[in-house]
Amino acid sequence: MKITQSLVEPFNALKNKVFAALYFAESISLLGDAFTWVGLALLSYQFGKDRAPVILATALTLRVSAFILFSPFAGVLADRISRKTILYTTHFIRMAIVACLPFVHTEWQIYVLVFLLNIFNAFFTPTYRAVIPQVVNHDHYRQAVGLSTATFQILGVIGPGLAGVLAVWFGARQIFFIDAGSFVLAAVLILMLPGAKLQHAVKKNEKTFTAWHDAVKGIRLLFKNPLIRFALFIEFVSAIAGAQILVNTVGHIKSGLHLDDKHYGWVMAAFGIGASIAAFVAGSLDKTKTRRISLIAGAFILALAISVTNFVNYPLMLVLWLFAGLGQSLAEMPSETLIGENITENEQGKVYGSHFAFSHLWWAIAYPIAGYTGSHFPGKDFLLGGVISGALLLIALFFNKSAVKAHG
């Protein structure tokens with residue numbers, strides 16, 4: 001009964017009409033992102049089967065690079081100018097960029113468009129995150145974040161499948177037009193919002209505006225708060241383990257267990273389902289100020305789950321990936337809520353921007369590590385990833401011992 005109540009509780013945040021509109025706009029936008037990456041995968045294949053992995057890997061690298069480079073400055077703008085303007089403008093610009101993808105004929109055109117697309121993703125996401133604590137009251141804030149995170153995970157599972165069906169009906173290139181339409185629909189929802197509701201404590205048109213100074217301030221505030229700093233270090237642990245899952249699962253399924261694509265799809269679905277469940281219930285189960293229970297338990301479960309994966313059969317791997325998904329959501333969700341609860345309203349945008357950059361920097365570090373363990377230590381890659389993740393968790397606990405005592 002308690003679990004059922006916890007699953008339903010996040011939907012209470014939708015009683016807030018402003019948040020509900022933002023939430024549905026974000027959900028439509030996320031579904032559009034799934035269309036983008038499925039379309040890019042199919043488009044890459046058209047350039048040649050052997051080139052597809054290279055094109056997608058380069059596109060993912062450009063995506064992360066755009067986030068790292070631009071999101072700190074996006075957060076600064078979110079604290080200075082109209083957030084409503086940022087939200088709908090980035091949607092319309094992304095619509096225009098996506099609508100160009102059906103007409104590309106060379107690889108470099110894909111790279112340019114992907115990089116531009118994710119520059120504006122980098123401006124949208126920190127602004128959206130900074131708006132949530134402004135429009136949702138404190139009692140429903142964690143539930144609102146949990147609902148957004150759970151929706152992200154669920155759409156990550158069902159979005160590519162839906163995109164694949166539409167691609168069969170309309171064609172690989174035409175799917176980008178559907179994607180562009182999703183951005184327009186999301187932008188219209190945002191245009192209907194009252195701008196003043198999104199602007200609490202925003203220093204609009206302030207004369208002294210130094211982007212670099214404010215970006216550095218956002219980074220300093222991010223690392224200055226011991227609760228947020230610890231959560232950010234735990235996100236690094238989660239990225240190391242999560243990259244192992246994203247990079248090495250397919251090789252383990254096909255080469256280690258000698259199974260096919262269908263089995264890979266099911267095991268990744270189990271991971272997404274676990275992440276979604278945890279996102280729904282985490283805010284209700286861990287209501288502590290520090291979120292230590294969620295952070296430590298999540299990182300530990302995730303590291304433990306991947307550590308034994310090389311030595312189990314497929315049914316057990318399904319269970320482990322379900323728990324790995326649970327662990328990743330528990331380890332990554334608290335950062336966003338801790339920023340909303342511990343950073344003053346007029347500084348939240350720049351801190352969300354800095355957090356978005358560093359959380360993606362962790363993945364930029366984690367992907368090569370996962371690639372190295374997968375290529376040099378097949379059959380032991382998950383074990384090594386789990387050991388590295390566990391060691392980093394112990395280091396994070398050691399260096400934050402004083403913060404743990406102060407806020408315990």
# chains A, B, ... in the order shown; residues from 1 in each chain; ligands from 1
>>> residues_around(residues="A:Asn248", least_positions_apart="3", cutoff="10 Å", atoms="only C-alpha atoms", output="compact mmCIF listing (two decimals) with N, CA and C atoms, in the first residue's frame")
# COMPACT_ATOMS: atom_id res chain seq x y z
N GLY A 242 27.31 3.60 -14.94
CA GLY A 242 26.31 3.71 -15.99
C GLY A 242 26.90 3.61 -17.39
N ALA A 243 28.11 4.15 -17.57
CA ALA A 243 28.77 4.06 -18.87
C ALA A 243 29.10 2.61 -19.21
N GLN A 244 29.45 1.82 -18.20
CA GLN A 244 29.68 0.40 -18.44
C GLN A 244 28.43 -0.27 -19.01
N ILE A 245 27.28 0.11 -18.46
CA ILE A 245 26.01 -0.47 -18.91
C ILE A 245 25.72 -0.06 -20.35
N GLY A 251 27.83 -5.91 -26.11
CA GLY A 251 28.90 -6.88 -26.33
C GLY A 251 28.77 -8.09 -25.43
N HIS A 252 28.37 -7.86 -24.18
CA HIS A 252 28.21 -8.97 -23.24
C HIS A 252 27.06 -9.88 -23.67
N ILE A 253 25.96 -9.27 -24.12
CA ILE A 253 24.81 -10.06 -24.55
C ILE A 253 25.15 -10.92 -25.77
N ALA A 370 34.87 2.97 -19.95
CA ALA A 370 34.04 1.82 -20.29
C ALA A 370 34.50 1.18 -21.60
N GLY A 371 34.86 2.02 -22.56
CA GLY A 371 35.35 1.49 -23.82
C GLY A 371 36.65 0.71 -23.64
N THR A 373 37.75 -0.84 -20.78
CA THR A 373 37.53 -2.11 -20.08
C THR A 373 36.84 -3.12 -20.99
N GLY A 374 35.91 -2.64 -21.82
CA GLY A 374 35.19 -3.54 -22.71
C GLY A 374 36.07 -4.13 -23.79
N SER A 375 37.03 -3.34 -24.30
CA SER A 375 37.87 -3.83 -25.40
C SER A 375 39.09 -4.60 -24.92
N PRO A 378 37.44 -8.16 -21.95
CA PRO A 378 36.14 -8.79 -22.17
C PRO A 378 35.94 -9.96 -21.21
N ASP A 381 34.83 -6.90 -17.82
CA ASP A 381 34.62 -5.46 -17.93
C ASP A 381 33.70 -4.90 -16.85
N PHE A 382 32.57 -5.59 -16.60
CA PHE A 382 31.64 -5.13 -15.58
C PHE A 382 32.24 -5.26 -14.18
>>> select_by_dssp(residues="stretch 206-283 of chain A", states="alpha helix (DSSP H)", output="JSON, numbers by chain")
{"A": [211, 212, 213, 214, 215, 216, 217, 218, 219, 220, 221, 222, 223, 224, 226, 227, 228, 229, 230, 231, 232, 233, 234, 235, 236, 237, 238, 239, 240, 241, 242, 243, 244, 245, 246, 247, 248, 249, 250, 251, 261, 262, 263, 264, 265, 266, 267, 268, 269, 270, 271, 272, 273, 274, 275, 276, 277, 278, 279, 280, 281, 282, 283]}
>>> residues_around(residues="A:Ala172", least_positions_apart="6", cutoff="7 Å", atoms="only C-alpha atoms", output="PDB file with C-alpha atoms, in the first residue's frame")
ATOM      1  CA  GLY A  39      16.465   9.084 -37.069  1.00  0.00           C
ATOM      2  CA  LEU A  42      18.975   5.255 -39.515  1.00  0.00           C
ATOM      3  CA  LEU A  43      20.449   8.182 -41.413  1.00  0.00           C
TER       4      LEU A  43
END
>>> atom_distance(atom1="atom CA of A:Val188", atom2="atom CA of A:Tyr88")
7.6 Å
>>> closest_residue(among="A:Ala144, A:Ala215, A:Ala41, A:Leu295", to="A:Phe233", atoms="only C-alpha atoms")
A:Leu295
>>> residues_around(residues="A:Leu257", least_positions_apart="5", cutoff="10 Å", atoms="only C-alpha atoms", output="list in words")
Gly251, His252, His263, Asn310, Val312, Asn313 and Tyr314 of chain A
>>> closest_residue(among="A:Ala196, A:Ala366, A:Ala324, A:Ile293", to="A:Thr309", atoms="only C-alpha atoms")
A:Ala324
>>> atom_distance(atom1="atom CA of A:Leu31", atom2="atom CA of A:Ala122")
16.8 Å
>>> residues_around(residues="stretch 68-78 of chain A", least_positions_apart="4", cutoff="6 Å", atoms="only C-alpha atoms", output="list of chain:residue names")
A:Arg83, A:Ala122, A:Phe123, A:Pro126, A:Thr127, A:Ala215, A:Gly349, A:Lys350, A:Gly353, A:Ser354, A:Ala357
>>> write_last_selection(atoms="N, CA and C atoms", output="PDB file, in the first residue's frame")
ATOM      1  N   ARG A  83      13.008  33.807 -18.565  1.00  0.00           N
ATOM      2  CA  ARG A  83      13.109  32.354 -18.702  1.00  0.00           C
ATOM      3  C   ARG A  83      12.100  31.821 -19.710  1.00  0.00           C
ATOM      4  N   ALA A 122      21.429  22.673 -24.426  1.00  0.00           N
ATOM      5  CA  ALA A 122      22.191  23.113 -23.250  1.00  0.00           C
ATOM      6  C   ALA A 122      21.607  24.380 -22.647  1.00  0.00           C
ATOM      7  N   PHE A 123      20.967  25.206 -23.456  1.00  0.00           N
ATOM      8  CA  PHE A 123      20.329  26.411 -22.933  1.00  0.00           C
ATOM      9  C   PHE A 123      18.949  26.111 -22.357  1.00  0.00           C
ATOM     10  N   PRO A 126      18.974  23.583 -18.328  1.00  0.00           N
ATOM     11  CA  PRO A 126      19.201  24.248 -17.042  1.00  0.00           C
ATOM     12  C   PRO A 126      18.109  25.271 -16.707  1.00  0.00           C
ATOM     13  N   THR A 127      17.588  25.938 -17.739  1.00  0.00           N
ATOM     14  CA  THR A 127      16.512  26.908 -17.505  1.00  0.00           C
ATOM     15  C   THR A 127      15.260  26.206 -17.013  1.00  0.00           C
ATOM     16  N   ALA A 215      29.415  32.611 -14.579  1.00  0.00           N
ATOM     17  CA  ALA A 215      29.598  31.171 -14.798  1.00  0.00           C
ATOM     18  C   ALA A 215      30.545  30.587 -13.757  1.00  0.00           C
ATOM     19  N   GLY A 349      19.782  29.475 -11.350  1.00  0.00           N
ATOM     20  CA  GLY A 349      19.993  29.229 -12.770  1.00  0.00           C
ATOM     21  C   GLY A 349      21.435  28.912 -13.086  1.00  0.00           C
ATOM     22  N   LYS A 350      22.342  29.734 -12.571  1.00  0.00           N
ATOM     23  CA  LYS A 350      23.763  29.517 -12.874  1.00  0.00           C
ATOM     24  C   LYS A 350      24.279  28.227 -12.246  1.00  0.00           C
ATOM     25  N   GLY A 353      23.037  25.368 -14.355  1.00  0.00           N
ATOM     26  CA  GLY A 353      23.844  25.314 -15.568  1.00  0.00           C
ATOM     27  C   GLY A 353      25.186  24.652 -15.330  1.00  0.00           C
ATOM     28  N   SER A 354      25.844  25.006 -14.228  1.00  0.00           N
ATOM     29  CA  SER A 354      27.133  24.403 -13.896  1.00  0.00           C
ATOM     30  C   SER A 354      26.982  22.918 -13.608  1.00  0.00           C
ATOM     31  N   ALA A 357      26.666  20.966 -16.784  1.00  0.00           N
ATOM     32  CA  ALA A 357      27.960  20.814 -17.453  1.00  0.00           C
ATOM     33  C   ALA A 357      28.800  19.733 -16.794  1.00  0.00           C
TER      34      ALA A 357
END
>>> residues_around(residues="A:Leu189", least_positions_apart="5", cutoff="9 Å", atoms="only C-alpha atoms", output="CSV table (one decimal) with C-alpha atoms, in the first residue's frame")
chain,number,residue,atom,x,y,z
A,21,ALA,CA,2.2,22.8,-18.8
A,22,LEU,CA,6.0,22.8,-18.3
A,24,PHE,CA,4.0,18.2,-20.7
A,25,ALA,CA,6.1,20.5,-22.8
A,88,TYR,CA,10.2,28.8,-26.2
A,184,VAL,CA,6.5,23.4,-32.1
>>> residues_around(residues="A:Thr151", least_positions_apart="3", cutoff="12 Å", atoms="only C-alpha atoms", output="number ranges by chain")
A: 10-11, 23-31, 144-148, 154-159, 272-273, 275-280, 329
>>> closest_residue(among="A:Ala57, A:Leu227, A:Leu232, A:Ile240", to="A:Thr288", atoms="only C-alpha atoms")
A:Leu227
>>> closest_residue(among="A:Leu318, A:Ile132, A:Leu394, A:Ile110", to="A:Ile339", atoms="only C-alpha atoms")
A:Ile132
>>> decode(residues="stretch 86-159 of chain A", atoms="C-alpha atoms", output="PDB file, in the first residue's frame")
ATOM      1  CA  ILE A  86      14.648  31.116 -23.328  1.00  0.00           C
ATOM      2  CA  LEU A  87      12.290  28.140 -23.134  1.00  0.00           C
ATOM      3  CA  TYR A  88      10.177  28.837 -26.205  1.00  0.00           C
ATOM      4  CA  THR A  89      12.991  30.342 -28.300  1.00  0.00           C
ATOM      5  CA  THR A  90      15.203  27.274 -27.854  1.00  0.00           C
ATOM      6  CA  HIS A  91      12.284  25.071 -28.922  1.00  0.00           C
ATOM      7  CA  PHE A  92      11.672  27.017 -32.134  1.00  0.00           C
ATOM      8  CA  ILE A  93      15.391  27.079 -33.000  1.00  0.00           C
ATOM      9  CA  ARG A  94      15.700  23.327 -32.388  1.00  0.00           C
ATOM     10  CA  MET A  95      12.644  22.823 -34.587  1.00  0.00           C
ATOM     11  CA  ALA A  96      14.410  24.663 -37.428  1.00  0.00           C
ATOM     12  CA  ILE A  97      17.638  22.667 -36.957  1.00  0.00           C
ATOM     13  CA  VAL A  98      15.875  19.294 -36.870  1.00  0.00           C
ATOM     14  CA  ALA A  99      13.894  20.221 -39.994  1.00  0.00           C
ATOM     15  CA  CYS A 100      17.229  20.535 -41.838  1.00  0.00           C
ATOM     16  CA  LEU A 101      18.316  16.957 -41.049  1.00  0.00           C
ATOM     17  CA  PRO A 102      16.238  15.270 -43.815  1.00  0.00           C
ATOM     18  CA  PHE A 103      18.256  17.211 -46.395  1.00  0.00           C
ATOM     19  CA  VAL A 104      21.815  16.337 -45.311  1.00  0.00           C
ATOM     20  CA  HIS A 105      24.037  14.469 -47.741  1.00  0.00           C
ATOM     21  CA  THR A 106      27.458  14.486 -46.069  1.00  0.00           C
ATOM     22  CA  GLU A 107      28.765  13.535 -42.629  1.00  0.00           C
ATOM     23  CA  TRP A 108      30.017  17.004 -41.746  1.00  0.00           C
ATOM     24  CA  GLN A 109      26.504  18.379 -42.151  1.00  0.00           C
ATOM     25  CA  ILE A 110      25.260  15.905 -39.539  1.00  0.00           C
ATOM     26  CA  TYR A 111      28.017  16.944 -37.130  1.00  0.00           C
ATOM     27  CA  VAL A 112      27.313  20.666 -37.539  1.00  0.00           C
ATOM     28  CA  LEU A 113      23.571  20.248 -37.049  1.00  0.00           C
ATOM     29  CA  VAL A 114      23.962  17.922 -34.049  1.00  0.00           C
ATOM     30  CA  PHE A 115      26.358  20.343 -32.365  1.00  0.00           C
ATOM     31  CA  LEU A 116      24.039  23.317 -32.975  1.00  0.00           C
ATOM     32  CA  LEU A 117      21.012  21.327 -31.808  1.00  0.00           C
ATOM     33  CA  ASN A 118      22.675  20.488 -28.520  1.00  0.00           C
ATOM     34  CA  ILE A 119      23.896  24.023 -27.912  1.00  0.00           C
ATOM     35  CA  PHE A 120      20.232  24.965 -27.632  1.00  0.00           C
ATOM     36  CA  ASN A 121      19.498  21.837 -25.599  1.00  0.00           C
ATOM     37  CA  ALA A 122      22.191  23.113 -23.250  1.00  0.00           C
ATOM     38  CA  PHE A 123      20.329  26.411 -22.933  1.00  0.00           C
ATOM     39  CA  PHE A 124      16.911  24.821 -22.478  1.00  0.00           C
ATOM     40  CA  THR A 125      17.545  22.169 -19.825  1.00  0.00           C
ATOM     41  CA  PRO A 126      19.201  24.248 -17.042  1.00  0.00           C
ATOM     42  CA  THR A 127      16.512  26.908 -17.505  1.00  0.00           C
ATOM     43  CA  TYR A 128      13.752  24.307 -17.205  1.00  0.00           C
ATOM     44  CA  ARG A 129      15.328  22.897 -14.053  1.00  0.00           C
ATOM     45  CA  ALA A 130      15.692  26.371 -12.546  1.00  0.00           C
ATOM     46  CA  VAL A 131      12.013  27.085 -13.189  1.00  0.00           C
ATOM     47  CA  ILE A 132      10.650  24.038 -11.334  1.00  0.00           C
ATOM     48  CA  PRO A 133      11.440  25.266  -7.770  1.00  0.00           C
ATOM     49  CA  GLN A 134       9.968  28.652  -8.725  1.00  0.00           C
ATOM     50  CA  VAL A 135       6.557  27.316  -9.740  1.00  0.00           C
ATOM     51  CA  VAL A 136       6.164  24.306  -7.404  1.00  0.00           C
ATOM     52  CA  ASN A 137       5.793  24.734  -3.657  1.00  0.00           C
ATOM     53  CA  HIS A 138       8.295  23.109  -1.308  1.00  0.00           C
ATOM     54  CA  ASP A 139       5.972  20.247  -0.335  1.00  0.00           C
ATOM     55  CA  HIS A 140       5.686  19.036  -3.935  1.00  0.00           C
ATOM     56  CA  TYR A 141       9.144  19.963  -5.230  1.00  0.00           C
ATOM     57  CA  ARG A 142      10.797  16.558  -4.821  1.00  0.00           C
ATOM     58  CA  GLN A 143       7.749  14.883  -6.311  1.00  0.00           C
ATOM     59  CA  ALA A 144       7.890  17.229  -9.320  1.00  0.00           C
ATOM     60  CA  VAL A 145      11.552  16.425  -9.895  1.00  0.00           C
ATOM     61  CA  GLY A 146      10.834  12.718  -9.460  1.00  0.00           C
ATOM     62  CA  LEU A 147       8.014  12.855 -11.998  1.00  0.00           C
ATOM     63  CA  SER A 148      10.229  14.647 -14.520  1.00  0.00           C
ATOM     64  CA  THR A 149      13.049  12.144 -14.020  1.00  0.00           C
ATOM     65  CA  ALA A 150      10.732   9.141 -14.232  1.00  0.00           C
ATOM     66  CA  THR A 151       9.207  10.457 -17.435  1.00  0.00           C
ATOM     67  CA  PHE A 152      12.706  10.911 -18.879  1.00  0.00           C
ATOM     68  CA  GLN A 153      13.477   7.267 -18.085  1.00  0.00           C
ATOM     69  CA  ILE A 154      10.167   5.924 -19.397  1.00  0.00           C
ATOM     70  CA  LEU A 155      10.443   7.842 -22.654  1.00  0.00           C
ATOM     71  CA  GLY A 156      13.988   6.545 -22.962  1.00  0.00           C
ATOM     72  CA  VAL A 157      12.480   3.050 -23.090  1.00  0.00           C
ATOM     73  CA  ILE A 158       9.334   3.578 -25.186  1.00  0.00           C
ATOM     74  CA  GLY A 159      10.445   6.603 -27.225  1.00  0.00           C
TER      75      GLY A 159
END
